[in-house]
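Student: Have a look at this one.
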Amino acid sequence: MDERILNDVLNELAQRRERNEAEQDRRRAEVYTACPEVQRLAEERRRAVMTGVLSAFTAPAQPELVSRVEKWNRDIRLALTAGGYDENYLDPIFTCPLCEDTGWVGSGKKSLCSCARALYAARSGRESAAEESGTFEAFDLSIFPDTPLPGRDISQRQLMSAICSRCRDYADTLPAPERRTLLLYGGSGLGKTYLMQCIAKRAAEKSVPALFVTASRFIRAARDSIFSRNSEELDAITDTPLLLLDDLGTEPLIEGITVEQLFVLINERQSRRLCTVISTNLTMEDIQRRYTERVLSRLADRRNCMLLHFEGRDVRLLNR
């Protein structure tokens, strides 16, 4: 790993911790002003814990301290809800609960957390969407025809307005939208990649680690992990909180790799409730033929996946 890039990543995580700690301090001050009972209970708990820690050096352990702390915790949660707050409002805030924003996980010998690997991959120039310029605010609906789509009672412009709204809602609810997988499918030149860039930009604004990779790049990473025993990039793609996988269907079909690794990627990320946005020019029938029913079933499951069908004329040809 490039030490300079790694230091940049760790510095960003340190800044993230500072922001989260500042928000915790703000919440604590707010609650203590509105609910003095919470402050009283928290101070009692703090004094008891500090006394227990100091006395541990000179006196036997206090087994009842654990149960007393648990009671204070319950009383604080009850006081918070009585004051109109969520019972977890004063809990520590972590962007990544796995490493608590330190960038390291594991006991004994530490290893880089998935969030740090994703940030590292983005900074090392691996097709990071953070470098793209697409934003929802700059999305120009006027480039789409306002005449009815064939056989439809809406125009391409109206359809794109609705699709853009869905994508914005998805981005605004990161890192935990209701349906974590988003499939953008339809012909070329309809705005799929641009809207993915918009989602990535909004993720960056919300400090949600994201990776933007083409399907071809993913398959190269999967192949390297098998033949070169180098899984660093594939791990980053698999573990990143938000993956934007562009141009599915343009990657080479490598026997024993493409279909199998795509299924593993989608299945693993859905099982872990990680956010994944996929764009493709393929139809649903094409996806089934190319990747088998198993992959289609993961992408077509509307409990976990939102499907957005792009229709109309290629705006790149219209605006030449």
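In the structure tokens, the first chain shown is A, the next is B, and so on; residue numbers restart at 1 for each chain, and ligands run from 1 in the order shown.
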Where does stretch 140-198 of chain A meet stretch 91-106 of chain A within 12 Å, residue by residue, with the nearest atom pair and distance in Å to one decimal for each, counting only C-alpha atoms, listed by chain and rising number, as a Markdown table?

Tutor:
```
| residue | atom | partner | partner_atom | distance |
| --- | --- | --- | --- | --- |
| A:Leu174 | CA | A:Thr95 | CA | 11.4 |
| A:Pro175 | CA | A:Thr95 | CA | 9.2 |
| A:Ala176 | CA | A:Thr95 | CA | 11.7 |
```

Student: Select from stretch 25-223 of chain A everything DSSP, run on the backbone, classes as alpha helix (DSSP H), then give the selection as a ChimeraX atom specification.

Tutor: /A:25-34,36-55,64-82,114-123,156-172,192-205,215-223

Student: Extract, using only C-alpha atoms, all DNA, RNA and protein residues at most 7 Å from A:Cys198, discarding same-chain residues fewer than 6 positions from it, and format them as an MDAnalysis selection string.

Tutor: chainID A and resid 134:136

Student: Would you return as a list in words the members of stretch 200-278 of chain A that DSSP assigns to strand (DSSP E or B) on this structure's backbone?

Tutor: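 Checking each residue of stretch 200-278 of chain A, the strand (DSSP E or B) ones are Ala210, Leu211, Phe212, Val213, Thr214, Leu242, Leu243, Leu244, Leu245, Asp246, Asp247, Leu248, Cys275, Thr276, Val277 and Ile278 of chain A.
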
Student: Could you write those residues out with N, CA, C and O atoms, as an mmCIF file, in the first residue's frame?

Tutor:
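Output contents, as saved in selection.cif:
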```
data_model
loop_
_atom_site.group_PDB
_atom_site.id
_atom_site.type_symbol
_atom_site.label_atom_id
_atom_site.label_comp_id
_atom_site.auth_asym_id
_atom_site.auth_seq_id
_atom_site.Cartn_x
_atom_site.Cartn_y
_atom_site.Cartn_z
ATOM 1 N N ALA A 210 -17.801 5.131 -0.830
ATOM 2 C CA ALA A 210 -18.381 4.571 -2.048
ATOM 3 C C ALA A 210 -17.276 4.229 -3.038
ATOM 4 O O ALA A 210 -16.233 4.882 -3.076
ATOM 5 N N LEU A 211 -17.538 3.212 -3.845
ATOM 6 C CA LEU A 211 -16.661 2.866 -4.958
ATOM 7 C C LEU A 211 -17.487 2.798 -6.235
ATOM 8 O O LEU A 211 -18.563 2.202 -6.252
ATOM 9 N N PHE A 212 -16.973 3.430 -7.285
ATOM 10 C CA PHE A 212 -17.608 3.410 -8.600
ATOM 11 C C PHE A 212 -16.707 2.595 -9.513
ATOM 12 O O PHE A 212 -15.579 3.006 -9.802
ATOM 13 N N VAL A 213 -17.162 1.423 -9.946
ATOM 14 C CA VAL A 213 -16.341 0.568 -10.802
ATOM 15 C C VAL A 213 -17.180 0.064 -11.966
ATOM 16 O O VAL A 213 -18.396 -0.095 -11.854
ATOM 17 N N THR A 214 -16.523 -0.160 -13.089
ATOM 18 C CA THR A 214 -17.210 -0.792 -14.203
ATOM 19 C C THR A 214 -17.281 -2.294 -13.954
ATOM 20 O O THR A 214 -16.495 -2.855 -13.177
ATOM 21 N N LEU A 242 -21.102 1.535 -0.093
ATOM 22 C CA LEU A 242 -21.883 1.805 -1.307
ATOM 23 C C LEU A 242 -21.048 1.418 -2.515
ATOM 24 O O LEU A 242 -19.975 1.969 -2.744
ATOM 25 N N LEU A 243 -21.557 0.471 -3.288
ATOM 26 C CA LEU A 243 -20.911 0.056 -4.534
ATOM 27 C C LEU A 243 -21.764 0.520 -5.703
ATOM 28 O O LEU A 243 -22.972 0.274 -5.739
ATOM 29 N N LEU A 244 -21.128 1.186 -6.667
ATOM 30 C CA LEU A 244 -21.798 1.585 -7.906
ATOM 31 C C LEU A 244 -21.143 0.815 -9.043
ATOM 32 O O LEU A 244 -20.000 1.081 -9.421
ATOM 33 N N LEU A 245 -21.857 -0.177 -9.555
ATOM 34 C CA LEU A 245 -21.328 -1.094 -10.574
ATOM 35 C C LEU A 245 -21.933 -0.708 -11.920
ATOM 36 O O LEU A 245 -23.122 -0.922 -12.174
ATOM 37 N N ASP A 246 -21.114 -0.137 -12.780
ATOM 38 C CA ASP A 246 -21.597 0.441 -14.032
ATOM 39 C C ASP A 246 -21.388 -0.505 -15.213
ATOM 40 O O ASP A 246 -20.420 -1.259 -15.261
ATOM 41 N N ASP A 247 -22.318 -0.448 -16.150
ATOM 42 C CA ASP A 247 -22.202 -1.156 -17.437
ATOM 43 C C ASP A 247 -22.160 -2.670 -17.295
ATOM 44 O O ASP A 247 -21.371 -3.348 -17.971
ATOM 45 N N LEU A 248 -23.005 -3.214 -16.433
ATOM 46 C CA LEU A 248 -23.097 -4.668 -16.348
ATOM 47 C C LEU A 248 -23.526 -5.218 -17.709
ATOM 48 O O LEU A 248 -24.474 -4.731 -18.327
ATOM 49 N N CYS A 275 -25.275 -1.308 0.429
ATOM 50 C CA CYS A 275 -25.954 -0.614 -0.664
ATOM 51 C C CYS A 275 -25.223 -0.849 -1.987
ATOM 52 O O CYS A 275 -24.002 -0.670 -2.070
ATOM 53 N N THR A 276 -25.987 -1.225 -3.012
ATOM 54 C CA THR A 276 -25.417 -1.522 -4.320
ATOM 55 C C THR A 276 -26.281 -0.911 -5.404
ATOM 56 O O THR A 276 -27.493 -1.126 -5.434
ATOM 57 N N VAL A 277 -25.662 -0.146 -6.293
ATOM 58 C CA VAL A 277 -26.357 0.432 -7.445
ATOM 59 C C VAL A 277 -25.731 -0.170 -8.699
ATOM 60 O O VAL A 277 -24.505 -0.139 -8.859
ATOM 61 N N ILE A 278 -26.551 -0.727 -9.562
ATOM 62 C CA ILE A 278 -26.066 -1.401 -10.772
ATOM 63 C C ILE A 278 -26.735 -0.770 -11.980
ATOM 64 O O ILE A 278 -27.954 -0.536 -11.980
#
```

Student: Neighbours of stretch 287-290 of chain A within 10 Å (only C-alpha atoms; same-chain residues fewer than 6 positions away dropped), as a list in words?

Tutor: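 Residues meeting the cut-off are Leu248, Gly249, Leu253, Thr258, Val259, Thr280, Asn281, Leu296, Ser297 and Leu299 of chain A.
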
Student: Compile the contact shell of stretch 22-37 of chain A as a list of chain:residue names: residues with an atom at most 9 Å away, counting only C-alpha atoms, same-chain residues fewer than 5 positions apart removed.

Tutor: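 My reading of the contact set: A:Arg17, A:Ala42, A:Ile76, A:Ala79, A:Leu80, A:Gly83, A:Tyr85, A:Tyr89, A:Leu90, A:Asp91, A:Pro92, A:Ile93.
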
Student: Any chance you could export the current selection's C-alpha atoms as a PDB file, in the first residue's frame?

Tutor:
```pdb
ATOM      1  CA  ARG A  17     -14.358  10.760  14.517  1.00  0.00           C
ATOM      2  CA  ALA A  42     -25.235   9.994  33.903  1.00  0.00           C
ATOM      3  CA  ILE A  76     -31.315   6.860  31.389  1.00  0.00           C
ATOM      4  CA  ALA A  79     -35.707   9.291  31.082  1.00  0.00           C
ATOM      5  CA  LEU A  80     -34.787   9.961  27.439  1.00  0.00           C
ATOM      6  CA  GLY A  83     -38.357  13.577  27.527  1.00  0.00           C
ATOM      7  CA  TYR A  85     -35.987  11.507  22.727  1.00  0.00           C
ATOM      8  CA  TYR A  89     -30.004   9.325  21.350  1.00  0.00           C
ATOM      9  CA  LEU A  90     -26.900   9.576  23.577  1.00  0.00           C
ATOM     10  CA  ASP A  91     -25.215   6.415  22.294  1.00  0.00           C
ATOM     11  CA  PRO A  92     -21.771   6.846  20.689  1.00  0.00           C
ATOM     12  CA  ILE A  93     -22.009   7.855  17.013  1.00  0.00           C
TER      13      ILE A  93
END
```

Student: Atom CA of A:Leu274 to atom CA of A:Ile254: how many Å, to one decimal?

Tutor: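 So the two atoms, atom CA of A:Leu274 and atom CA of A:Ile254, lie 25.9 Å apart.
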
Student: For stretch 149-158 of chain A, please output as a VMD selection string all residues within 10 Å (counting only C-alpha atoms; exclusion window: fewer than 2 positions along the same chain).

Tutor: chain A and resid 140 to 147 160 to 164 190 310 to 313

Student: Take the residues just selected and output them with C-alpha atoms as a PDB file, in the first residue's frame.

Tutor:
```
ATOM      1  CA  ASP A 140     -31.257  18.882 -16.886  1.00  0.00           C
ATOM      2  CA  LEU A 141     -34.633  17.325 -17.701  1.00  0.00           C
ATOM      3  CA  SER A 142     -35.064  19.607 -20.726  1.00  0.00           C
ATOM      4  CA  ILE A 143     -32.701  17.436 -22.779  1.00  0.00           C
ATOM      5  CA  PHE A 144     -35.320  14.654 -22.809  1.00  0.00           C
ATOM      6  CA  PRO A 145     -38.218  14.710 -25.324  1.00  0.00           C
ATOM      7  CA  ASP A 146     -41.559  15.838 -23.929  1.00  0.00           C
ATOM      8  CA  THR A 147     -43.605  13.799 -26.386  1.00  0.00           C
ATOM      9  CA  MET A 160     -36.877  10.709 -16.211  1.00  0.00           C
ATOM     10  CA  SER A 161     -38.266  13.165 -13.680  1.00  0.00           C
ATOM     11  CA  ALA A 162     -39.806  10.278 -11.751  1.00  0.00           C
ATOM     12  CA  ILE A 163     -36.616   8.183 -12.023  1.00  0.00           C
ATOM     13  CA  CYS A 164     -34.433  11.084 -10.894  1.00  0.00           C
ATOM     14  CA  LEU A 190     -30.616   7.528 -21.249  1.00  0.00           C
ATOM     15  CA  PHE A 310     -35.133   3.707 -18.514  1.00  0.00           C
ATOM     16  CA  GLU A 311     -36.990   4.141 -21.805  1.00  0.00           C
ATOM     17  CA  GLY A 312     -36.851   6.471 -24.771  1.00  0.00           C
ATOM     18  CA  ARG A 313     -34.360   7.800 -27.284  1.00  0.00           C
TER      19      ARG A 313
END
```

Student: Compile the contact shell of A:Lys71 as a compact mmCIF listing (two decimals) with N, CA and C atoms, in the first residue's frame: residues with an atom at most 12 Å away, counting only C-alpha atoms, same-chain residues fewer than 6 positions apart removed.

Tutor:
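File written: selection.txt
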```txt
# COMPACT_ATOMS: atom_id res chain seq x y z
N LEU A 41 -28.44 11.17 36.36
CA LEU A 41 -28.19 9.72 36.28
C LEU A 41 -26.83 9.45 35.63
N ALA A 42 -26.51 10.20 34.60
CA ALA A 42 -25.24 9.99 33.90
C ALA A 42 -24.06 10.33 34.81
N GLU A 44 -24.05 10.19 38.14
CA GLU A 44 -23.96 9.13 39.14
C GLU A 44 -23.24 7.91 38.58
N ARG A 45 -23.59 7.55 37.36
CA ARG A 45 -22.96 6.40 36.72
C ARG A 45 -21.47 6.65 36.51
N GLU A 64 -21.09 -6.10 42.10
CA GLU A 64 -22.40 -5.46 41.98
C GLU A 64 -22.36 -4.23 41.08
N LEU A 65 -21.16 -3.75 40.74
CA LEU A 65 -21.06 -2.54 39.94
C LEU A 65 -21.68 -2.74 38.56
N ARG A 77 -32.30 5.47 29.64
CA ARG A 77 -33.13 5.26 28.44
C ARG A 77 -34.58 5.65 28.72
N LEU A 78 -35.08 5.29 29.89
CA LEU A 78 -36.46 5.65 30.25
C LEU A 78 -36.62 7.17 30.35
```

Student: To one decimal place in Å, what is the distance between atom CA of A:Arg180 and atom CA of A:Gln270?

Tutor: 7.4 Å
